file work_12.txt (compact mmCIF, C-alpha atoms and all ligand atoms)
# COMPACT_ATOMS: atom_id res chain seq x y z
CA MET A 1266 0.00 0.00 0.00
CA SER A 1267 1.27 3.50 -0.83
CA HIS A 1268 2.31 5.84 1.95
CA GLU A 1269 -0.66 8.14 1.11
CA ARG A 1270 -3.19 5.31 1.27
CA GLU A 1271 -1.73 4.03 4.58
CA ALA A 1272 -2.01 7.57 5.99
CA ALA A 1273 -5.60 7.79 4.72
CA ARG A 1274 -6.44 4.40 6.26
CA SER A 1275 -5.48 5.60 9.75
CA ARG A 1276 -7.82 8.59 9.32
CA ILE A 1277 -11.03 6.60 8.76
CA ALA A 1278 -13.25 4.79 11.29
CA VAL A 1279 -16.13 2.64 10.11
CA ALA A 1280 -19.21 2.84 12.36
CA LEU A 1281 -20.39 -0.73 12.88
CA ASP A 1282 -24.01 0.19 13.63
CA VAL A 1283 -25.50 -3.28 13.20
CA PRO A 1284 -27.03 -5.59 15.87
CA ASP A 1285 -25.34 -8.78 14.71
CA LEU A 1286 -21.77 -9.36 15.87
CA ASP A 1287 -20.83 -11.80 13.08
CA GLN A 1288 -22.06 -9.28 10.51
CA ALA A 1289 -20.10 -6.50 12.24
CA ALA A 1290 -16.91 -8.60 12.24
CA GLU A 1291 -17.44 -9.45 8.56
CA ILE A 1292 -17.77 -5.77 7.66
CA ALA A 1293 -14.68 -4.90 9.73
CA ALA A 1294 -12.64 -7.60 7.99
CA ALA A 1295 -13.89 -6.57 4.53
CA VAL A 1296 -13.10 -2.87 4.91
CA SER A 1297 -9.92 -3.16 7.01
CA PRO A 1298 -7.56 -2.79 4.00
CA HIS A 1299 -8.92 0.78 3.66
CA VAL A 1300 -10.05 1.64 7.19
CA GLY A 1301 -7.85 1.50 10.31
CA VAL A 1302 -10.47 1.92 13.04
CA ALA A 1303 -13.82 0.26 13.81
CA LYS A 1304 -16.38 2.12 15.87
CA VAL A 1305 -18.36 -0.07 18.25
CA GLY A 1306 -21.38 2.02 19.20
CA LEU A 1307 -24.34 1.82 21.54
CA GLN A 1308 -26.21 -0.73 19.43
CA LEU A 1309 -23.45 -3.33 19.18
CA PHE A 1310 -22.19 -2.76 22.73
CA SER A 1311 -25.74 -3.00 24.15
CA ALA A 1312 -26.25 -6.27 22.31
CA HIS A 1313 -22.90 -7.96 22.98
CA GLY A 1314 -20.91 -5.94 25.55
CA PRO A 1315 -17.13 -6.43 25.82
CA ALA A 1316 -17.37 -9.54 23.59
CA ALA A 1317 -18.08 -7.17 20.70
CA VAL A 1318 -14.82 -5.32 21.35
CA ASN A 1319 -12.82 -8.56 21.60
CA LYS A 1320 -14.25 -10.10 18.44
CA ILE A 1321 -13.87 -7.00 16.26
CA ARG A 1322 -10.36 -6.33 17.58
CA ALA A 1323 -9.38 -9.85 16.54
CA THR A 1324 -9.71 -8.70 12.90
CA GLY A 1325 -6.62 -6.54 13.59
CA ILE A 1326 -8.40 -3.19 13.55
CA ASN A 1327 -8.24 -0.50 16.30
CA ILE A 1328 -11.40 -0.01 18.36
CA PHE A 1329 -13.29 3.21 18.93
CA LEU A 1330 -15.81 2.55 21.72
CA ASP A 1331 -18.59 5.10 21.24
CA VAL A 1332 -20.80 4.80 24.32
CA LYS A 1333 -20.95 8.56 25.00
CA LEU A 1334 -20.79 8.38 28.81
CA HIS A 1335 -22.92 10.94 30.67
CA ASP A 1336 -23.70 10.61 34.40
CA ILE A 1337 -22.44 11.94 37.72
CA PRO A 1338 -18.61 12.10 37.86
CA ASN A 1339 -18.21 9.16 40.24
CA THR A 1340 -20.37 6.84 38.12
CA VAL A 1341 -18.56 7.82 34.93
CA ARG A 1342 -15.20 7.31 36.60
CA SER A 1343 -16.20 3.80 37.76
CA ALA A 1344 -17.54 2.85 34.33
CA ALA A 1345 -14.39 4.22 32.69
CA VAL A 1346 -12.20 2.00 34.93
CA GLU A 1347 -14.00 -1.06 33.52
CA LEU A 1348 -13.93 0.20 29.92
CA GLY A 1349 -10.25 1.08 30.25
CA LYS A 1350 -9.48 -2.62 30.76
CA LEU A 1351 -10.81 -3.53 27.29
CA GLY A 1352 -7.84 -2.32 25.26
CA VAL A 1353 -9.76 0.12 23.07
CA GLN A 1354 -8.06 3.07 21.38
CA TYR A 1355 -10.78 5.72 21.80
CA LEU A 1356 -13.72 6.24 24.19
CA THR A 1357 -16.41 8.95 23.95
CA VAL A 1358 -18.05 11.03 26.68
CA HIS A 1359 -20.63 13.83 26.36
CA ALA A 1360 -18.96 17.21 26.92
CA SER A 1361 -22.36 18.42 28.16
CA GLY A 1362 -21.67 16.31 31.29
CA GLY A 1363 -19.22 18.98 32.45
CA GLU A 1364 -15.54 19.22 33.30
CA PRO A 1365 -15.54 17.12 36.53
CA MET A 1366 -17.39 14.32 34.74
CA MET A 1367 -14.95 14.34 31.82
CA ARG A 1368 -12.01 14.38 34.24
CA GLY A 1369 -13.54 11.36 35.95
CA ALA A 1370 -13.56 9.56 32.60
CA VAL A 1371 -9.93 10.47 31.86
CA GLU A 1372 -8.75 9.31 35.29
CA GLY A 1373 -10.90 6.17 35.36
CA LEU A 1374 -9.78 5.08 31.93
CA ALA A 1375 -6.11 5.53 32.80
CA HIS A 1376 -6.60 3.51 35.98
CA GLY A 1377 -8.42 0.69 34.17
CA ALA A 1378 -5.80 0.50 31.42
CA GLU A 1379 -3.04 0.32 34.02
CA LEU A 1380 -4.81 -2.45 35.97
CA ALA A 1381 -5.20 -4.52 32.79
CA GLY A 1382 -1.75 -3.69 31.40
CA VAL A 1383 -3.19 -2.44 28.10
CA GLY A 1384 -2.60 0.77 26.13
CA LEU A 1385 -4.13 4.02 27.36
CA PRO A 1386 -7.22 5.00 25.34
CA MET A 1387 -7.87 8.58 24.30
CA VAL A 1388 -11.00 10.24 25.70
CA LEU A 1389 -12.98 12.03 22.99
CA ALA A 1390 -15.50 14.65 24.16
CA VAL A 1391 -18.62 14.89 22.02
CA THR A 1392 -19.24 18.62 21.63
CA ILE A 1393 -22.59 18.93 19.83
CA LEU A 1394 -24.33 16.04 18.08
CA THR A 1395 -24.27 16.20 14.30
CA SER A 1396 -28.07 15.79 14.34
CA ASP A 1397 -28.45 19.01 16.42
CA THR A 1398 -29.13 22.15 14.39
CA GLU A 1399 -30.17 24.39 17.30
CA ALA A 1400 -27.11 24.61 19.60
CA PRO A 1401 -25.44 28.06 19.68
CA GLN A 1402 -21.78 28.55 18.82
CA SER A 1403 -21.01 29.80 22.36
CA LEU A 1404 -21.93 26.35 23.69
CA LEU A 1405 -19.49 24.75 21.29
CA VAL A 1406 -16.65 26.99 22.49
CA ASP A 1407 -17.50 26.38 26.18
CA ARG A 1408 -17.49 22.61 25.66
CA VAL A 1409 -14.19 22.61 23.77
CA GLU A 1410 -12.60 24.55 26.62
CA ALA A 1411 -14.10 22.31 29.33
CA ALA A 1412 -12.91 19.19 27.51
CA GLY A 1413 -9.39 20.61 27.27
CA ALA A 1414 -9.36 21.53 30.97
CA ALA A 1415 -10.53 18.01 31.85
CA GLY A 1416 -7.63 16.44 29.94
CA CYS A 1417 -9.56 14.92 27.04
CA GLY A 1418 -7.18 14.13 24.19
CA GLY A 1419 -9.71 14.76 21.47
CA LEU A 1420 -13.09 16.12 20.47
CA VAL A 1421 -15.94 14.95 18.30
CA CYS A 1422 -17.53 17.69 16.21
CA ALA A 1423 -19.53 18.06 13.02
CA ALA A 1424 -17.68 19.16 9.88
CA PRO A 1425 -19.26 22.66 9.79
CA ASP A 1426 -17.99 23.21 13.38
CA LEU A 1427 -14.36 22.52 12.43
CA ASP A 1428 -13.84 26.19 11.49
CA VAL A 1429 -14.64 27.18 15.08
CA VAL A 1430 -13.08 24.21 16.85
CA ARG A 1431 -9.76 23.76 15.00
CA PRO A 1432 -8.30 27.20 15.95
CA ILE A 1433 -9.19 26.87 19.65
CA ALA A 1434 -8.52 23.14 19.99
CA GLN A 1435 -4.76 23.54 19.43
CA ASP A 1436 -3.25 20.06 19.03
CA ARG A 1437 -6.38 18.16 20.12
CA PHE A 1438 -7.35 15.19 17.99
CA LEU A 1439 -10.54 16.07 16.05
CA VAL A 1440 -13.04 13.40 15.07
CA THR A 1441 -15.83 14.17 12.59
CA PRO A 1442 -18.94 12.07 11.93
CA GLY A 1443 -21.72 12.94 9.48
CA ILE A 1444 -19.63 11.99 6.44
CA ARG A 1445 -21.35 11.42 3.10
CA PHE A 1446 -20.10 10.98 -0.44
CA HIS A 1447 -21.00 13.77 -2.87
CA GLY A 1448 -24.72 13.48 -3.62
CA GLY A 1449 -25.24 10.73 -1.02
CA GLU A 1450 -28.30 10.35 1.22
CA ALA A 1451 -27.97 12.44 4.48
CA HIS A 1452 -30.34 10.20 6.54
CA ASP A 1453 -30.85 11.74 10.03
CA GLN A 1454 -27.62 13.76 9.93
CA ALA A 1455 -28.38 17.47 9.59
CA ARG A 1456 -24.78 18.61 9.11
CA VAL A 1457 -22.75 16.53 6.69
CA ALA A 1458 -19.53 16.80 4.64
CA THR A 1459 -17.63 14.72 2.09
CA PRO A 1460 -14.48 12.86 3.25
CA GLY A 1461 -12.23 15.31 1.39
CA ALA A 1462 -13.97 18.41 2.77
CA ALA A 1463 -13.79 17.14 6.37
CA VAL A 1464 -10.07 16.38 6.14
CA GLY A 1465 -9.48 19.71 4.38
CA GLY A 1466 -11.31 21.39 7.27
CA GLY A 1467 -8.93 19.93 9.85
CA ALA A 1468 -10.49 16.61 10.91
CA ASP A 1469 -7.97 13.99 12.10
CA LEU A 1470 -10.36 11.02 12.00
CA LEU A 1471 -13.58 10.58 9.99
CA VAL A 1472 -16.40 8.41 11.28
CA ILE A 1473 -18.26 6.85 8.36
CA GLY A 1474 -21.25 4.61 8.97
CA ARG A 1475 -24.04 4.13 6.49
CA ALA A 1476 -22.08 5.51 3.51
CA ILE A 1477 -19.92 2.37 3.88
CA THR A 1478 -22.03 -0.20 5.73
CA GLY A 1479 -25.17 0.55 3.68
CA ALA A 1480 -23.35 0.32 0.34
CA THR A 1481 -23.86 -2.68 -1.93
CA ASP A 1482 -20.09 -3.21 -1.77
CA PRO A 1483 -18.77 -1.88 1.60
CA ALA A 1484 -15.12 -2.57 0.67
CA ALA A 1485 -15.48 -0.52 -2.53
CA ALA A 1486 -17.13 2.34 -0.59
CA ALA A 1487 -14.31 2.23 2.00
CA SER A 1488 -11.75 2.30 -0.81
CA ARG A 1489 -13.47 5.34 -2.32
CA ALA A 1490 -13.38 7.12 1.06
CA ALA A 1491 -9.67 6.33 1.50
CA LYS A 1492 -8.93 7.60 -2.00
CA GLU A 1493 -10.74 10.89 -1.34
CA VAL A 1494 -8.94 11.29 2.01
CA ALA A 1495 -5.55 10.52 0.39
CA GLN A 1496 -6.25 13.18 -2.26
CA ALA A 1497 -7.22 15.75 0.39
CA LEU A 1498 -4.08 14.96 2.44
CA GLY A 1499 -1.93 15.45 -0.67
CA GLN A 1500 -3.27 18.96 -1.33
O1 LIG A 1601 -24.26 6.35 9.43
P1 LIG A 1601 -23.53 7.59 9.85
O2 LIG A 1601 -22.29 7.85 9.03
O3 LIG A 1601 -24.44 8.80 9.94
O4 LIG A 1601 -23.03 7.26 11.33
C1 LIG A 1601 -22.43 8.23 12.14
C2 LIG A 1601 -21.96 7.60 13.41
O5 LIG A 1601 -21.33 8.59 14.19
C3 LIG A 1601 -23.09 7.00 14.27
O6 LIG A 1601 -22.55 5.80 14.82
C4 LIG A 1601 -23.32 8.04 15.35
O7 LIG A 1601 -23.69 7.43 16.58
C5 LIG A 1601 -21.94 8.67 15.47
N1 LIG A 1601 -21.90 10.04 15.97
C6 LIG A 1601 -22.59 11.09 15.38
N2 LIG A 1601 -22.50 12.36 15.89
C7 LIG A 1601 -21.74 12.59 16.96
C8 LIG A 1601 -21.01 11.56 17.54
C9 LIG A 1601 -21.11 10.29 17.02
O8 LIG A 1601 -23.25 10.87 14.38
N3 LIG A 1601 -21.62 13.85 17.41
call {"tool": "encode", "arguments": {"input": "work_12.txt", "output": "structure tokens", "more": "lines below"}}
Ligand code: C5P
result
Amino acid sequence: MSHEREAARSRIAVALDVPDLDQAAEIAAAVSPHVGVAKVGLQLFSAHGPAAVNKIRATGINIFLDVKLHDIPNTVRSAAVELGKLGVQYLTVHASGGEPMMRGAVEGLAHGAELAGVGLPMVLAVTILTSDTEAPQSLLVDRVEAAGAAGCGGLVCAAPDLDVVRPIAQDRFLVTPGIRFHGGEAHDQARVATPGAAVGGGADLLVIGRAITGATDPAAAASRAAKEVAQALGQ
């Protein structure tokens, strides 16, 4: 694989939003030549729990555990200790939960990873959901700052928010869902962008679900995404 395509691969996460674990593992294996990360979300984790993480990881892909924690700080910290033992690469929390809650997640995750002797996952703070069209820009800025103060390594934000977030997020890792190919169906996502536009706007990792998993040929769709990302990185 060329250097550009390998770089592009590490910048794409496929969202495995399916209830069936065998199907999820099949998709992960099929797209893994083009996609370096698999996102295990609420659906798959609710259905199969840690077994979902273990089975998908066995395909050799990094795991993004998207359970968007949001509770009192002590409860989030305790949950994060358990999740930190799973050996995932990324874990999401809702920035709307506040700075102490996010700090609880950061500390709990580090503790869990240490107990299990696995790598330390990065906490990603979800700023404003991509389906939300109402939230004011001031809220976005407040949440980016709170996430930084809490020690979160990265942020999740919609592509149109990258213009606001990138300058104030400094070296934070930016993750962008709501990715669609040019002319593709938006589904329930109100704020979408193409893979090339999101990378051009400063995203470090793109989360792509239905544009890949809903395609007739998921591997071909993943290859198309990687090609568009490689082109954007080369510009
Ligand atoms: O199918 P689609 O590409 O719209 O999937 C987007 C994925 O990203 C879903 O798994 C969704 O839960 C997730 N996500 C999102 N908006 C956020 C954070 C995560 O759409 N702010």
call {"tool": "residues_around", "arguments": {"input": "work_12.txt", "residues": "Gly1349 (chain A)", "least_positions_apart": "6", "cutoff": "9 Å", "atoms": "only C-alpha atoms", "output": "MDAnalysis selection string"}}
result
chainID A and resid 1356 1373:1381 1383:1386
call {"tool": "closest_residue", "arguments": {"input": "work_12.txt", "among": "A:Gln1308, A:Thr1340, A:Thr1392, A:Asn1327", "to": "Thr1357 (chain A)", "atoms": "all atoms listed in the file"}}
result
A:Thr1392
call {"tool": "closest_residue", "arguments": {"input": "work_12.txt", "among": "A:Glu1364, A:Arg1489, A:Thr1459, A:Thr1441", "to": "Arg1276 (chain A)", "atoms": "only C-alpha atoms"}}
result
A:Thr1441
call {"tool": "axis_aligned_box", "arguments": {"input": "work_12.txt", "around": "region 1280-1290 of chain A", "padding_each_side": "3 Å", "output": "AutoDock Vina command-line options"}}
result
--center_x -22.0 --center_y -4.5 --center_z 13.2 --size_x 16.1 --size_y 20.6 --size_z 11.4
call {"tool": "residues_around", "arguments": {"input": "work_12.txt", "residues": "region 1311-1325 of chain A", "least_positions_apart": "3", "cutoff": "8 Å", "atoms": "only C-alpha atoms", "output": "number ranges by chain"}}
result
A: 1284, 1286, 1289-1290, 1293-1294, 1303, 1305, 1307-1308, 1328, 1330, 1351, 1353
call {"tool": "closest_residue", "arguments": {"input": "work_12.txt", "among": "A:Val1464, A:Val1494, A:Val1346, A:Val1332", "to": "ligand LIG 1601 (chain A)", "atoms": "all atoms listed in the file"}}
result
A:Val1332
call {"tool": "residues_near_ligand", "arguments": {"input": "work_12.txt", "ligand": "ligand LIG 1601 (chain A)", "cutoff": "10 Å", "atoms": "all atoms listed in the file", "output": "short mmCIF file (atom, residue, chain, number, x, y, z; two decimals) with C-alpha atoms, in the frame of the given file"}}
result
data_model
loop_
_atom_site.label_atom_id
_atom_site.label_comp_id
_atom_site.auth_asym_id
_atom_site.auth_seq_id
_atom_site.Cartn_x
_atom_site.Cartn_y
_atom_site.Cartn_z
CA ALA A 1278 -13.25 4.79 11.29
CA VAL A 1279 -16.13 2.64 10.11
CA ALA A 1280 -19.21 2.84 12.36
CA LEU A 1281 -20.39 -0.73 12.88
CA ASP A 1282 -24.01 0.19 13.63
CA VAL A 1283 -25.50 -3.28 13.20
CA LYS A 1304 -16.38 2.12 15.87
CA VAL A 1305 -18.36 -0.07 18.25
CA GLY A 1306 -21.38 2.02 19.20
CA LEU A 1307 -24.34 1.82 21.54
CA GLN A 1308 -26.21 -0.73 19.43
CA ASP A 1331 -18.59 5.10 21.24
CA VAL A 1332 -20.80 4.80 24.32
CA LYS A 1333 -20.95 8.56 25.00
CA THR A 1357 -16.41 8.95 23.95
CA VAL A 1358 -18.05 11.03 26.68
CA HIS A 1359 -20.63 13.83 26.36
CA LEU A 1389 -12.98 12.03 22.99
CA ALA A 1390 -15.50 14.65 24.16
CA VAL A 1391 -18.62 14.89 22.02
CA THR A 1392 -19.24 18.62 21.63
CA ILE A 1393 -22.59 18.93 19.83
CA LEU A 1394 -24.33 16.04 18.08
CA THR A 1395 -24.27 16.20 14.30
CA SER A 1396 -28.07 15.79 14.34
CA ASP A 1397 -28.45 19.01 16.42
CA LEU A 1420 -13.09 16.12 20.47
CA VAL A 1421 -15.94 14.95 18.30
CA CYS A 1422 -17.53 17.69 16.21
CA ALA A 1423 -19.53 18.06 13.02
CA VAL A 1440 -13.04 13.40 15.07
CA THR A 1441 -15.83 14.17 12.59
CA PRO A 1442 -18.94 12.07 11.93
CA GLY A 1443 -21.72 12.94 9.48
CA ILE A 1444 -19.63 11.99 6.44
CA ARG A 1445 -21.35 11.42 3.10
CA GLU A 1450 -28.30 10.35 1.22
CA ALA A 1451 -27.97 12.44 4.48
CA HIS A 1452 -30.34 10.20 6.54
CA ASP A 1453 -30.85 11.74 10.03
CA GLN A 1454 -27.62 13.76 9.93
CA ALA A 1455 -28.38 17.47 9.59
CA ARG A 1456 -24.78 18.61 9.11
CA VAL A 1457 -22.75 16.53 6.69
CA LEU A 1471 -13.58 10.58 9.99
CA VAL A 1472 -16.40 8.41 11.28
CA ILE A 1473 -18.26 6.85 8.36
CA GLY A 1474 -21.25 4.61 8.97
CA ARG A 1475 -24.04 4.13 6.49
CA ALA A 1476 -22.08 5.51 3.51
CA ILE A 1477 -19.92 2.37 3.88
CA THR A 1478 -22.03 -0.20 5.73
CA GLY A 1479 -25.17 0.55 3.68
#
call {"tool": "closest_residue", "arguments": {"input": "work_12.txt", "among": "A:Ala1484, A:Met1367, A:Ala1272, A:Ala1360", "to": "Gly1301 (chain A)", "atoms": "all atoms listed in the file"}}
result
A:Ala1272
call {"tool": "closest_residue", "arguments": {"input": "work_12.txt", "among": "A:Glu1269, A:Asp1287, A:Asp1428, A:Glu1372", "to": "Gln1402 (chain A)", "atoms": "all atoms listed in the file"}}
result
A:Asp1428
call {"tool": "atom_distance", "arguments": {"input": "work_12.txt", "atom1": "CA of His1335 (chain A)", "atom2": "CA of Pro1365 (chain A)"}}
result
11.3 Å
call {"tool": "closest_residue", "arguments": {"input": "work_12.txt", "among": "A:Leu1470, A:Val1341, A:Ala1462, A:Ala1480", "to": "Gln1496 (chain A)", "atoms": "only C-alpha atoms"}}
result
A:Ala1462
call {"tool": "residues_near_point", "arguments": {"input": "work_12.txt", "point": "(-7.7, 14.2, 21.3)", "cutoff": "8 Å", "atoms": "only C-alpha atoms", "output": "PyMOL selection string"}}
result
chain A and resi 1387-1389+1417-1420+1436-1439
call {"tool": "atom_distance", "arguments": {"input": "work_12.txt", "atom1": "CA of Pro1425 (chain A)", "atom2": "CA of Ala1497 (chain A)"}}
result
16.8 Å
call {"tool": "atom_distance", "arguments": {"input": "work_12.txt", "atom1": "CA of Lys1350 (chain A)", "atom2": "CA of Ala1412 (chain A)"}}
result
22.3 Å
